[in-house]
$ cat work.cif   # mmCIF, N, CA and C atoms
data_query
loop_
_atom_site.label_atom_id
_atom_site.label_comp_id
_atom_site.auth_asym_id
_atom_site.auth_seq_id
_atom_site.Cartn_x
_atom_site.Cartn_y
_atom_site.Cartn_z
N MET A 1 4.82 -4.79 -14.00
CA MET A 1 5.73 -5.62 -13.26
C MET A 1 6.33 -4.79 -12.12
N ILE A 2 6.44 -5.43 -10.97
CA ILE A 2 7.10 -4.82 -9.83
C ILE A 2 8.24 -5.75 -9.42
N ILE A 3 9.43 -5.19 -9.29
CA ILE A 3 10.60 -5.96 -8.88
C ILE A 3 11.10 -5.40 -7.55
N PHE A 4 11.09 -6.22 -6.53
CA PHE A 4 11.69 -5.86 -5.25
C PHE A 4 13.07 -6.49 -5.18
N LEU A 5 14.06 -5.68 -4.83
CA LEU A 5 15.43 -6.17 -4.61
C LEU A 5 15.69 -6.06 -3.12
N ASN A 6 15.73 -7.19 -2.48
CA ASN A 6 15.88 -7.29 -1.04
C ASN A 6 17.32 -7.68 -0.72
N GLY A 7 17.74 -7.43 0.49
CA GLY A 7 19.07 -7.85 0.92
C GLY A 7 19.61 -6.94 1.99
N SER A 8 20.70 -7.36 2.58
CA SER A 8 21.33 -6.58 3.64
C SER A 8 21.96 -5.31 3.07
N ILE A 9 22.43 -4.48 3.94
CA ILE A 9 23.21 -3.32 3.53
C ILE A 9 24.43 -3.83 2.75
N ASN A 10 24.84 -3.08 1.78
CA ASN A 10 25.99 -3.42 0.92
C ASN A 10 25.78 -4.68 0.07
N ALA A 11 24.53 -5.07 -0.13
CA ALA A 11 24.25 -6.24 -0.96
C ALA A 11 24.29 -5.90 -2.45
N GLY A 12 24.17 -4.61 -2.77
CA GLY A 12 24.16 -4.19 -4.17
C GLY A 12 22.77 -3.91 -4.70
N LYS A 13 21.80 -3.74 -3.81
CA LYS A 13 20.41 -3.52 -4.22
C LYS A 13 20.28 -2.30 -5.14
N THR A 14 20.82 -1.19 -4.73
CA THR A 14 20.69 0.04 -5.52
C THR A 14 21.46 -0.07 -6.83
N THR A 15 22.64 -0.65 -6.77
CA THR A 15 23.44 -0.83 -7.99
C THR A 15 22.70 -1.69 -9.01
N VAL A 16 22.17 -2.83 -8.56
CA VAL A 16 21.43 -3.71 -9.46
C VAL A 16 20.16 -3.01 -9.97
N ALA A 17 19.49 -2.27 -9.09
CA ALA A 17 18.27 -1.56 -9.50
C ALA A 17 18.57 -0.55 -10.60
N LYS A 18 19.66 0.17 -10.46
CA LYS A 18 20.02 1.17 -11.48
C LYS A 18 20.37 0.50 -12.81
N ILE A 19 21.04 -0.63 -12.76
CA ILE A 19 21.37 -1.36 -13.99
C ILE A 19 20.09 -1.85 -14.66
N LEU A 20 19.18 -2.42 -13.86
CA LEU A 20 17.91 -2.88 -14.42
C LEU A 20 17.12 -1.72 -15.03
N ALA A 21 17.09 -0.59 -14.33
CA ALA A 21 16.35 0.57 -14.81
C ALA A 21 16.89 1.07 -16.15
N GLN A 22 18.20 0.93 -16.36
CA GLN A 22 18.80 1.34 -17.63
C GLN A 22 18.46 0.36 -18.75
N LYS A 23 18.32 -0.91 -18.39
CA LYS A 23 18.10 -1.94 -19.40
C LYS A 23 16.62 -2.10 -19.77
N LEU A 24 15.74 -1.79 -18.84
CA LEU A 24 14.31 -1.94 -19.08
C LEU A 24 13.71 -0.61 -19.57
N THR A 25 12.57 -0.69 -20.18
CA THR A 25 11.88 0.53 -20.60
C THR A 25 10.64 0.72 -19.73
N ASN A 26 10.19 1.95 -19.69
CA ASN A 26 8.94 2.26 -19.00
C ASN A 26 8.97 1.84 -17.53
N VAL A 27 10.07 2.18 -16.86
CA VAL A 27 10.26 1.73 -15.49
C VAL A 27 10.56 2.92 -14.57
N ALA A 28 10.09 2.82 -13.35
CA ALA A 28 10.38 3.81 -12.32
C ALA A 28 11.20 3.16 -11.21
N LEU A 29 12.21 3.85 -10.76
CA LEU A 29 13.04 3.37 -9.66
C LEU A 29 12.49 3.99 -8.38
N VAL A 30 11.92 3.18 -7.52
CA VAL A 30 11.28 3.65 -6.29
C VAL A 30 12.26 3.44 -5.13
N GLU A 31 12.91 4.51 -4.74
CA GLU A 31 13.89 4.46 -3.65
C GLU A 31 13.18 4.78 -2.34
N ILE A 32 12.89 3.77 -1.56
CA ILE A 32 12.22 3.98 -0.27
C ILE A 32 13.09 4.82 0.65
N ASP A 33 14.41 4.72 0.52
CA ASP A 33 15.30 5.55 1.33
C ASP A 33 15.08 7.04 1.03
N ALA A 34 14.72 7.37 -0.20
CA ALA A 34 14.44 8.78 -0.53
C ALA A 34 13.19 9.25 0.21
N LEU A 35 12.21 8.36 0.36
CA LEU A 35 11.02 8.71 1.14
C LEU A 35 11.40 8.89 2.61
N SER A 36 12.30 8.06 3.08
CA SER A 36 12.76 8.13 4.46
C SER A 36 13.47 9.45 4.75
N ASN A 37 14.19 9.96 3.75
CA ASN A 37 14.91 11.23 3.92
C ASN A 37 13.98 12.39 4.24
N MET A 38 12.72 12.27 3.87
CA MET A 38 11.77 13.35 4.13
C MET A 38 11.46 13.48 5.63
N ILE A 39 11.66 12.38 6.35
CA ILE A 39 11.40 12.39 7.79
C ILE A 39 12.61 11.81 8.54
N ASP A 40 13.80 12.25 8.13
CA ASP A 40 15.01 11.67 8.69
C ASP A 40 15.23 12.00 10.17
N TRP A 41 14.45 12.91 10.69
CA TRP A 41 14.53 13.26 12.11
C TRP A 41 13.78 12.24 12.98
N MET A 42 12.93 11.43 12.35
CA MET A 42 12.08 10.49 13.08
C MET A 42 12.85 9.19 13.36
N PRO A 43 12.68 8.61 14.54
CA PRO A 43 13.32 7.31 14.82
C PRO A 43 12.90 6.27 13.78
N ILE A 44 13.83 5.43 13.40
CA ILE A 44 13.60 4.50 12.29
C ILE A 44 12.43 3.56 12.54
N ASP A 45 12.21 3.14 13.78
CA ASP A 45 11.10 2.22 14.05
C ASP A 45 9.74 2.90 13.84
N GLN A 46 9.70 4.21 13.93
CA GLN A 46 8.47 4.96 13.64
C GLN A 46 8.38 5.31 12.16
N ALA A 47 9.52 5.53 11.53
CA ALA A 47 9.55 5.96 10.13
C ALA A 47 9.26 4.83 9.15
N VAL A 48 9.71 3.62 9.44
CA VAL A 48 9.58 2.52 8.48
C VAL A 48 8.12 2.28 8.08
N PRO A 49 7.17 2.20 9.00
CA PRO A 49 5.78 2.00 8.55
C PRO A 49 5.27 3.11 7.63
N ILE A 50 5.65 4.34 7.91
CA ILE A 50 5.25 5.45 7.06
C ILE A 50 5.91 5.32 5.69
N ASN A 51 7.19 4.99 5.67
CA ASN A 51 7.92 4.82 4.41
C ASN A 51 7.30 3.72 3.55
N LEU A 52 6.91 2.62 4.18
CA LEU A 52 6.32 1.52 3.43
C LEU A 52 4.94 1.89 2.90
N GLU A 53 4.17 2.60 3.70
CA GLU A 53 2.86 3.05 3.23
C GLU A 53 3.02 4.00 2.04
N ASN A 54 3.96 4.92 2.14
CA ASN A 54 4.22 5.84 1.03
C ASN A 54 4.73 5.09 -0.20
N ALA A 55 5.61 4.12 0.01
CA ALA A 55 6.14 3.34 -1.11
C ALA A 55 5.02 2.60 -1.83
N ALA A 56 4.12 1.99 -1.07
CA ALA A 56 2.99 1.28 -1.68
C ALA A 56 2.15 2.24 -2.52
N SER A 57 1.94 3.45 -2.02
CA SER A 57 1.16 4.45 -2.77
C SER A 57 1.87 4.86 -4.06
N VAL A 58 3.18 5.06 -3.96
CA VAL A 58 3.97 5.46 -5.14
C VAL A 58 3.97 4.33 -6.17
N ILE A 59 4.19 3.10 -5.73
CA ILE A 59 4.20 1.95 -6.64
C ILE A 59 2.83 1.82 -7.31
N ARG A 60 1.78 1.95 -6.53
CA ARG A 60 0.41 1.87 -7.05
C ARG A 60 0.17 2.96 -8.12
N CYS A 61 0.63 4.16 -7.84
CA CYS A 61 0.48 5.27 -8.78
C CYS A 61 1.19 4.98 -10.10
N PHE A 62 2.42 4.54 -10.03
CA PHE A 62 3.17 4.22 -11.25
C PHE A 62 2.49 3.09 -12.02
N SER A 63 2.07 2.06 -11.30
CA SER A 63 1.44 0.91 -11.95
C SER A 63 0.14 1.33 -12.64
N LYS A 64 -0.63 2.18 -11.99
CA LYS A 64 -1.89 2.67 -12.57
C LYS A 64 -1.65 3.37 -13.90
N ARG A 65 -0.47 3.97 -14.05
CA ARG A 65 -0.13 4.69 -15.27
C ARG A 65 0.70 3.85 -16.25
N GLY A 66 0.76 2.55 -15.98
CA GLY A 66 1.42 1.65 -16.91
C GLY A 66 2.92 1.54 -16.77
N LEU A 67 3.46 2.05 -15.67
CA LEU A 67 4.91 1.97 -15.46
C LEU A 67 5.24 0.77 -14.57
N ASP A 68 6.34 0.12 -14.89
CA ASP A 68 6.88 -0.91 -14.01
C ASP A 68 7.66 -0.23 -12.90
N ALA A 69 7.89 -0.94 -11.80
CA ALA A 69 8.63 -0.36 -10.68
C ALA A 69 9.72 -1.31 -10.22
N ILE A 70 10.87 -0.73 -9.91
CA ILE A 70 11.97 -1.46 -9.30
C ILE A 70 12.18 -0.84 -7.92
N VAL A 71 12.18 -1.68 -6.89
CA VAL A 71 12.21 -1.20 -5.51
C VAL A 71 13.35 -1.86 -4.74
N PRO A 72 14.48 -1.16 -4.58
CA PRO A 72 15.57 -1.73 -3.78
C PRO A 72 15.40 -1.35 -2.30
N TYR A 73 15.23 -2.35 -1.44
CA TYR A 73 15.02 -2.05 -0.03
C TYR A 73 15.16 -3.34 0.79
N PRO A 74 15.78 -3.25 1.96
CA PRO A 74 15.87 -4.45 2.82
C PRO A 74 14.52 -4.72 3.48
N LEU A 75 13.94 -5.85 3.16
CA LEU A 75 12.61 -6.18 3.66
C LEU A 75 12.67 -7.26 4.74
N SER A 76 12.15 -6.92 5.91
CA SER A 76 11.94 -7.95 6.92
C SER A 76 10.71 -8.76 6.48
N GLN A 77 10.46 -9.88 7.14
CA GLN A 77 9.28 -10.68 6.79
C GLN A 77 8.00 -9.86 6.98
N ASP A 78 7.92 -9.11 8.07
CA ASP A 78 6.73 -8.28 8.33
C ASP A 78 6.55 -7.21 7.26
N ASN A 79 7.65 -6.56 6.86
CA ASN A 79 7.56 -5.52 5.84
C ASN A 79 7.18 -6.11 4.48
N TYR A 80 7.74 -7.26 4.17
CA TYR A 80 7.40 -7.97 2.94
C TYR A 80 5.90 -8.29 2.94
N SER A 81 5.41 -8.84 4.04
CA SER A 81 4.00 -9.21 4.14
C SER A 81 3.10 -7.98 3.98
N TYR A 82 3.49 -6.89 4.61
CA TYR A 82 2.72 -5.65 4.50
C TYR A 82 2.62 -5.20 3.05
N LEU A 83 3.75 -5.13 2.36
CA LEU A 83 3.75 -4.65 0.98
C LEU A 83 2.98 -5.59 0.06
N MET A 84 3.14 -6.89 0.24
CA MET A 84 2.40 -7.83 -0.61
C MET A 84 0.89 -7.66 -0.40
N ASN A 85 0.47 -7.43 0.84
CA ASN A 85 -0.94 -7.22 1.13
C ASN A 85 -1.43 -5.91 0.51
N GLU A 86 -0.63 -4.86 0.61
CA GLU A 86 -1.02 -3.56 0.06
C GLU A 86 -1.09 -3.55 -1.46
N LEU A 87 -0.31 -4.41 -2.09
CA LEU A 87 -0.22 -4.42 -3.55
C LEU A 87 -0.95 -5.59 -4.20
N LYS A 88 -1.63 -6.38 -3.42
CA LYS A 88 -2.23 -7.62 -3.93
C LYS A 88 -3.28 -7.42 -5.01
N ASP A 89 -3.92 -6.26 -5.02
CA ASP A 89 -4.97 -6.04 -6.01
C ASP A 89 -4.48 -5.37 -7.29
N ILE A 90 -3.17 -5.11 -7.37
CA ILE A 90 -2.62 -4.53 -8.60
C ILE A 90 -2.49 -5.65 -9.63
N ASP A 91 -2.95 -5.37 -10.83
CA ASP A 91 -2.93 -6.38 -11.89
C ASP A 91 -1.59 -6.38 -12.62
N THR A 92 -0.56 -6.82 -11.91
CA THR A 92 0.76 -6.95 -12.51
C THR A 92 1.54 -8.01 -11.72
N SER A 93 2.58 -8.51 -12.32
CA SER A 93 3.40 -9.51 -11.64
C SER A 93 4.34 -8.82 -10.64
N ILE A 94 4.57 -9.51 -9.53
CA ILE A 94 5.50 -9.02 -8.51
C ILE A 94 6.60 -10.06 -8.36
N HIS A 95 7.85 -9.59 -8.46
CA HIS A 95 9.01 -10.47 -8.33
C HIS A 95 9.87 -9.96 -7.19
N VAL A 96 10.36 -10.87 -6.37
CA VAL A 96 11.22 -10.49 -5.25
C VAL A 96 12.51 -11.27 -5.35
N PHE A 97 13.63 -10.54 -5.34
CA PHE A 97 14.94 -11.15 -5.38
C PHE A 97 15.72 -10.71 -4.15
N THR A 98 16.37 -11.66 -3.51
CA THR A 98 17.19 -11.33 -2.34
C THR A 98 18.65 -11.48 -2.71
N LEU A 99 19.40 -10.40 -2.54
CA LEU A 99 20.84 -10.41 -2.78
C LEU A 99 21.51 -10.72 -1.44
N ALA A 100 22.46 -11.64 -1.46
CA ALA A 100 23.06 -12.10 -0.20
C ALA A 100 24.59 -12.11 -0.28
N PRO A 101 25.21 -10.96 0.01
CA PRO A 101 26.68 -10.93 0.00
C PRO A 101 27.24 -11.64 1.24
N LYS A 102 28.49 -11.97 1.18
CA LYS A 102 29.15 -12.50 2.37
C LYS A 102 29.10 -11.45 3.47
N LEU A 103 29.04 -11.90 4.72
CA LEU A 103 28.91 -10.98 5.85
C LEU A 103 30.03 -9.94 5.87
N GLU A 104 31.26 -10.35 5.58
CA GLU A 104 32.37 -9.39 5.62
C GLU A 104 32.21 -8.28 4.59
N ILE A 105 31.55 -8.58 3.48
CA ILE A 105 31.28 -7.54 2.48
C ILE A 105 30.17 -6.61 2.98
N ALA A 106 29.13 -7.20 3.55
CA ALA A 106 28.01 -6.40 4.06
C ALA A 106 28.46 -5.43 5.16
N LEU A 107 29.49 -5.81 5.90
CA LEU A 107 29.94 -4.99 7.03
C LEU A 107 31.00 -3.96 6.66
N THR A 108 31.35 -3.86 5.39
CA THR A 108 32.37 -2.89 4.99
C THR A 108 31.77 -1.50 4.81
N ASN A 109 32.58 -0.50 5.02
CA ASN A 109 32.16 0.88 4.77
C ASN A 109 32.24 1.15 3.28
N ARG A 110 31.35 2.01 2.78
CA ARG A 110 31.32 2.33 1.36
C ARG A 110 31.77 3.77 1.19
N GLY A 111 32.83 3.98 0.43
CA GLY A 111 33.31 5.34 0.17
C GLY A 111 33.60 6.06 1.47
N THR A 112 33.00 7.22 1.63
CA THR A 112 33.21 7.99 2.85
C THR A 112 32.15 7.70 3.90
N ARG A 113 31.21 6.85 3.56
CA ARG A 113 30.12 6.52 4.48
C ARG A 113 30.51 5.38 5.40
N GLU A 114 30.48 5.64 6.69
CA GLU A 114 30.77 4.59 7.66
C GLU A 114 29.47 4.04 8.21
N LEU A 115 29.41 2.72 8.31
CA LEU A 115 28.20 2.09 8.82
C LEU A 115 27.98 2.45 10.28
N GLU A 116 26.72 2.65 10.62
CA GLU A 116 26.35 2.88 12.01
C GLU A 116 26.18 1.53 12.70
N ASP A 117 26.20 1.53 14.02
CA ASP A 117 26.05 0.28 14.77
C ASP A 117 24.76 -0.45 14.41
N ARG A 118 23.66 0.31 14.26
CA ARG A 118 22.37 -0.34 13.94
C ARG A 118 22.41 -0.99 12.56
N GLU A 119 23.18 -0.40 11.62
CA GLU A 119 23.30 -0.98 10.29
C GLU A 119 24.12 -2.27 10.36
N ARG A 120 25.17 -2.26 11.15
CA ARG A 120 25.96 -3.48 11.34
C ARG A 120 25.12 -4.59 11.97
N GLU A 121 24.32 -4.20 12.96
CA GLU A 121 23.46 -5.19 13.64
C GLU A 121 22.44 -5.77 12.66
N ARG A 122 21.88 -4.91 11.81
CA ARG A 122 20.92 -5.40 10.80
C ARG A 122 21.57 -6.36 9.84
N ALA A 123 22.79 -6.04 9.41
CA ALA A 123 23.51 -6.91 8.46
C ALA A 123 23.82 -8.26 9.11
N GLU A 124 24.22 -8.22 10.35
CA GLU A 124 24.55 -9.46 11.05
C GLU A 124 23.33 -10.32 11.30
N ALA A 125 22.17 -9.68 11.46
CA ALA A 125 20.93 -10.43 11.72
C ALA A 125 20.32 -11.00 10.45
N ALA A 126 20.70 -10.45 9.30
CA ALA A 126 20.07 -10.86 8.03
C ALA A 126 20.43 -12.27 7.62
#
$ encode --input "work.cif" --output "structure tokens"
Amino acid sequence: MIIFLNGSINAGKTTVAKILAQKLTNVALVEIDALSNMIDWMPIDQAVPINLENAASVIRCFSKRGLDAIVPYPLSQDNYSYLMNELKDIDTSIHVFTLAPKLEIALTNRGTRELEDRERERAEAA
């Protein structure tokens, strides 16, 4: 089983993913943002395709070894289509859930982390 948790920034994707990972067995939490950190110097529009390709490979690897995957990440329609195409031949169910907080919640800063303008723009466009 593969579970994608989609939604804007501050939707609770990572929080829900961690809760699910604790409740389920034999599961891997695939943080695409962790893959992004490997090339954080690269502009995001160049990094996202690489991150998605890497994520598909990681998900495929876990699935091949009998592990389920939980993937919290904001998916545009194009990114969703790409991942579904890349994973279509895996013999497991794929579930996609979109978390949709109120806009004022999505636009709040979390802890000491302040949202960047591009993050605010993404939240407003979602």
$ resolve_selection --input "work.cif" --expression "the PyMOL selection byres ((chain A and resi 2) around 6.5)" --output "count of residues only"
12
$ resolve_selection --input "work.cif" --expression "the PyMOL selection byres ((chain A and resi 7-13) around 5)" --output "NGL selection string"
:A and (5-6 or 14-17 or 72-75 or 98-99 or 101 or 106)
$ write_last_selection --input "work.cif" --atoms "N, CA and C atoms" --output "mmCIF file, keeping the file's coordinate frame"
data_model
loop_
_atom_site.group_PDB
_atom_site.id
_atom_site.type_symbol
_atom_site.label_atom_id
_atom_site.label_comp_id
_atom_site.auth_asym_id
_atom_site.auth_seq_id
_atom_site.Cartn_x
_atom_site.Cartn_y
_atom_site.Cartn_z
ATOM 1 N N LEU A 5 14.060 -5.680 -4.830
ATOM 2 C CA LEU A 5 15.430 -6.170 -4.610
ATOM 3 C C LEU A 5 15.690 -6.060 -3.120
ATOM 4 N N ASN A 6 15.730 -7.190 -2.480
ATOM 5 C CA ASN A 6 15.880 -7.290 -1.040
ATOM 6 C C ASN A 6 17.320 -7.680 -0.720
ATOM 7 N N THR A 14 20.820 -1.190 -4.730
ATOM 8 C CA THR A 14 20.690 0.040 -5.520
ATOM 9 C C THR A 14 21.460 -0.070 -6.830
ATOM 10 N N THR A 15 22.640 -0.650 -6.770
ATOM 11 C CA THR A 15 23.440 -0.830 -7.990
ATOM 12 C C THR A 15 22.700 -1.690 -9.010
ATOM 13 N N VAL A 16 22.170 -2.830 -8.560
ATOM 14 C CA VAL A 16 21.430 -3.710 -9.460
ATOM 15 C C VAL A 16 20.160 -3.010 -9.970
ATOM 16 N N ALA A 17 19.490 -2.270 -9.090
ATOM 17 C CA ALA A 17 18.270 -1.560 -9.500
ATOM 18 C C ALA A 17 18.570 -0.550 -10.600
ATOM 19 N N PRO A 72 14.480 -1.160 -4.580
ATOM 20 C CA PRO A 72 15.570 -1.730 -3.780
ATOM 21 C C PRO A 72 15.400 -1.350 -2.300
ATOM 22 N N TYR A 73 15.230 -2.350 -1.440
ATOM 23 C CA TYR A 73 15.020 -2.050 -0.030
ATOM 24 C C TYR A 73 15.160 -3.340 0.790
ATOM 25 N N PRO A 74 15.780 -3.250 1.960
ATOM 26 C CA PRO A 74 15.870 -4.450 2.820
ATOM 27 C C PRO A 74 14.520 -4.720 3.480
ATOM 28 N N LEU A 75 13.940 -5.850 3.160
ATOM 29 C CA LEU A 75 12.610 -6.180 3.660
ATOM 30 C C LEU A 75 12.670 -7.260 4.740
ATOM 31 N N THR A 98 16.370 -11.660 -3.510
ATOM 32 C CA THR A 98 17.190 -11.330 -2.340
ATOM 33 C C THR A 98 18.650 -11.480 -2.710
ATOM 34 N N LEU A 99 19.400 -10.400 -2.540
ATOM 35 C CA LEU A 99 20.840 -10.410 -2.780
ATOM 36 C C LEU A 99 21.510 -10.720 -1.440
ATOM 37 N N PRO A 101 25.210 -10.960 0.010
ATOM 38 C CA PRO A 101 26.680 -10.930 0.000
ATOM 39 C C PRO A 101 27.240 -11.640 1.240
ATOM 40 N N ALA A 106 29.130 -7.200 3.550
ATOM 41 C CA ALA A 106 28.010 -6.400 4.060
ATOM 42 C C ALA A 106 28.460 -5.430 5.160
#
$ select_by_dssp --input "work.cif" --residues "chain A" --states "helix (DSSP H, G or I)" --output "PyMOL selection string"
chain A and resi 13-23+32-37+44-64+77-87+103-106+117-125
$ atom_distance --input "work.cif" --atom1 "CA of Ala55 in chain A" --atom2 "CA of Ile32 in chain A"
6.2 Å
$ closest_residue --input "work.cif" --among "A:Val58, A:Met84, A:Ala100, A:Ile44" --to "Val30 in chain A" --atoms "only C-alpha atoms"
A:Val58
$ atom_distance --input "work.cif" --atom1 "CA of Ile19 in chain A" --atom2 "CA of Asp91 in chain A"
24.9 Å
$ closest_residue --input "work.cif" --among "A:Lys23, A:Arg60, A:Arg65, A:Lys102" --to "Leu87 in chain A" --atoms "only C-alpha atoms"
A:Arg60
$ select_by_dssp --input "work.cif" --residues "chain A" --states "strand (DSSP E)" --output "list in words"
Ile2, Ile3, Phe4, Leu5, Asn6, Gly7, Val27, Ala28, Leu29, Asp68, Ala69, Ile70, Val71, Pro72, Ile94, His95, Val96, Phe97, Thr98 and Leu99 of chain A
$ closest_residue --input "work.cif" --among "A:Glu114, A:Ala21, A:Thr108, A:Leu83" --to "Ser57 in chain A" --atoms "only C-alpha atoms"
A:Leu83
$ closest_residue --input "work.cif" --among "A:Asp117, A:Asp78, A:Glu104, A:Asp33" --to "Ala47 in chain A" --atoms "only C-alpha atoms"
A:Asp33
$ residues_around --input "work.cif" --residues "Ser36 in chain A" --least-positions-apart "4" --cutoff "8 Å" --atoms "only N, CA and C atoms" --output "ChimeraX atom specification"
/A:31-32,40-42,47-48,50-52
$ atom_distance --input "work.cif" --atom1 "CA of Pro49 in chain A" --atom2 "CA of Asn79 in chain A"
8.2 Å
$ decode --input "work.cif" --residues "range 85-98 of chain A" --atoms "N, CA, C and O atoms" --output "CSV table (one decimal), in the first residue's frame"
chain,number,residue,atom,x,y,z
A,85,ASN,N,2.1,7.7,-12.9
A,85,ASN,CA,2.6,7.0,-14.1
A,85,ASN,C,3.9,6.2,-13.7
A,85,ASN,O,4.0,5.0,-14.1
A,86,GLU,N,4.7,6.7,-12.9
A,86,GLU,CA,5.9,6.0,-12.5
A,86,GLU,C,5.7,4.8,-11.6
A,86,GLU,O,6.5,3.9,-11.6
A,87,LEU,N,4.6,4.8,-10.9
A,87,LEU,CA,4.3,3.8,-9.9
A,87,LEU,C,3.2,2.8,-10.4
A,87,LEU,O,2.8,1.9,-9.7
A,88,LYS,N,2.7,3.0,-11.6
A,88,LYS,CA,1.5,2.3,-12.1
A,88,LYS,C,1.7,0.8,-12.2
A,88,LYS,O,0.8,0.0,-12.1
A,89,ASP,N,3.0,0.3,-12.4
A,89,ASP,CA,3.2,-1.1,-12.5
A,89,ASP,C,3.5,-1.8,-11.2
A,89,ASP,O,3.7,-3.0,-11.1
A,90,ILE,N,3.5,-1.1,-10.1
A,90,ILE,CA,3.7,-1.7,-8.7
A,90,ILE,C,2.4,-2.4,-8.3
A,90,ILE,O,1.3,-1.8,-8.4
A,91,ASP,N,2.5,-3.6,-7.9
A,91,ASP,CA,1.3,-4.4,-7.5
A,91,ASP,C,0.9,-4.1,-6.1
A,91,ASP,O,1.1,-4.9,-5.2
A,92,THR,N,0.4,-2.9,-5.9
A,92,THR,CA,-0.1,-2.5,-4.5
A,92,THR,C,-1.1,-1.4,-4.7
A,92,THR,O,-1.2,-0.7,-5.8
A,93,SER,N,-1.9,-1.2,-3.7
A,93,SER,CA,-2.9,-0.1,-3.8
A,93,SER,C,-2.3,1.2,-3.5
A,93,SER,O,-1.3,1.3,-2.7
A,94,ILE,N,-2.8,2.2,-4.2
A,94,ILE,CA,-2.3,3.6,-4.0
A,94,ILE,C,-3.5,4.4,-3.5
A,94,ILE,O,-4.5,4.4,-4.2
A,95,HIS,N,-3.3,5.1,-2.4
A,95,HIS,CA,-4.4,6.0,-1.9
A,95,HIS,C,-3.8,7.4,-1.8
A,95,HIS,O,-2.7,7.6,-1.3
A,96,VAL,N,-4.7,8.4,-2.1
A,96,VAL,CA,-4.2,9.8,-2.1
A,96,VAL,C,-5.3,10.5,-1.3
A,96,VAL,O,-6.5,10.5,-1.6
A,97,PHE,N,-4.8,11.2,-0.2
A,97,PHE,CA,-5.7,12.0,0.6
A,97,PHE,C,-5.2,13.5,0.6
A,97,PHE,O,-4.0,13.7,0.7
A,98,THR,N,-6.1,14.4,0.4
A,98,THR,CA,-5.7,15.8,0.4
A,98,THR,C,-6.2,16.4,1.7
A,98,THR,O,-7.4,16.4,2.0
